[in-house]
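K.L.:
Structure in structure tokens, see below.
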Amino acid sequence: AKLQASATVTSTKYKLMGMEAADVTSAQHEMLKLGMSIKEVSGATADSVAFMSKRYGIATGEAAKLNKILLGMADKSQATADAMMESAVALAKANDVAPGVVIDEMAQNAGEFAAAGKKGFGAMSMTAIAAKKLGMSMSAIADIADGLLDVESSIEAEFEASVMLGKTINMDLARQLALQGDIEGATKAVLDQVGSIHDFNKLDVLQRKKLAQA
């Protein structure tokens with residue numbers, strides 16, 4: 001009954017967006033599945049999960065999972081978590097990428113965001129944006145960025161990739177961009193070494209892995 005009352009109030013606030021009480025109740029149930037308490041899923045947190053799901057068209061369960069991780073980064077402050085979400089939306093718009101697809105990418109890779117923590121949230125948001133712009137998975141781009149930042153191993157892998165691909169690979173620019181925090185630029189520089197994203201996708205698993213390490 002308490003959950004239903006909270007859901008009805010929240011639904012009224014968002015009625016102009018076409019939401020129903022059932023949308024909010026669904027958000028609360030998904031949060032309960034994640035081990036959150038009745039107190040935690042009432043009020044602002046339920047508002048944010050229902051809003052995220054409705055606004056960006058992502059599954060309620062994924063929205064609940066992502067919001068829980070944001071709360072963990074934000075010391076349990078929903079206002080701070082909402083601000084972090086809005087910063088990701090602003091980054092997406094600034095990079096001419098639809099916020100909805102970026103938020104969905106973030107939700108699908110919630111574990112990576114959790115591992116990155118609050119300090120790494122901005123970089124991970126840019127990784128999600130780059131993934132959408134380049135037509136790659138976020139995990140693939142993250143692997144490339146991680147490989148480039150391990151300079152010593154990257155140089156060794158660069159030589160091995162050159163042998164495997166039968167062509168000279170030079171990752172100097174990609175490493176420089178990665179060190180500057182330009183994840184999209186670094187990934188593009190890596191793709192330029194093989195031609196395009198289509199050429200990258202044509203590589204076998206071992207070739208792609210070695211190139212990502214370079």
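Within each chain, counting starts at residue 1; across the structure tokens, chains are named A, B, ... in the order shown, with ligands numbered 1 upward in that order.
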So which residues touch stretch 129-136 of chain A within 12 Å, counting only C-alpha atoms, skipping near sequence neighbours fewer than 4 positions away, as a PyMOL selection string?
P.N.:
chain A and resi 88-106+109+122-125+140-145+182-191+196-198+200-201
K.L.:
Compile a residue-level contact table for stretch 66-171 of chain A against stretch 29-53 of chain A at a cut-off of 9 Å, reporting for every qualifying residue the shortest atom pair and its distance in Å to one decimal, with only C-alpha atoms counted, rows ordered by chain and ascending number, as CSV.
P.N.:
```
residue,atom,partner,partner_atom,distance
A:Leu66,CA,A:Val49,CA,8.7
A:Asn67,CA,A:Val49,CA,6.6
A:Lys68,CA,A:Met31,CA,8.0
A:Gln78,CA,A:Thr45,CA,6.2
A:Ala79,CA,A:Ala44,CA,8.4
A:Asp82,CA,A:Ser48,CA,7.3
A:Ile103,CA,A:Met52,CA,8.7
```
K.L.:
Distance atom CA of A:Met164-atom CA of A:Leu179, one decimal place?
P.N.:
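Value for the atom CA of A:Met164-atom CA of A:Leu179 distance: 25.6 Å.
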K.L.:
Going by DSSP on the backbone, which residues of stretch 20-186 of chain A come out as alpha helix (DSSP H)? List them as a VMD selection string.
P.N.:
chain A and resid 21 to 33 38 to 41 44 to 56 60 to 73 78 to 94 99 to 108 110 to 116 121 to 134 138 to 149 151 to 165 172 to 179 183 to 186
K.L.:
Find, counting only C-alpha atoms, the residue in A:Lys119, A:Lys167, A:Arg175, A:Arg55 that gets nearest to A:Leu149.
P.N.:
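The closest residue to A:Leu149 is A:Arg175.
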K.L.:
Would you list the contacts of A:Gln108 as number ranges by chain, taking every protein, DNA or RNA residue within 12 Å and counting only C-alpha atoms, but skipping same-chain residues closer than 3 positions in sequence?
P.N.:
A: 58-59, 61-66, 101-105, 111-114, 128, 137-139
K.L.:
For atom CA of A:Ala83 and atom CA of A:Tyr56, determine how far apart the two atoms are, in Å to one decimal place.
P.N.:
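Between atom CA of A:Ala83 and atom CA of A:Tyr56 the gap is 15.8 Å.
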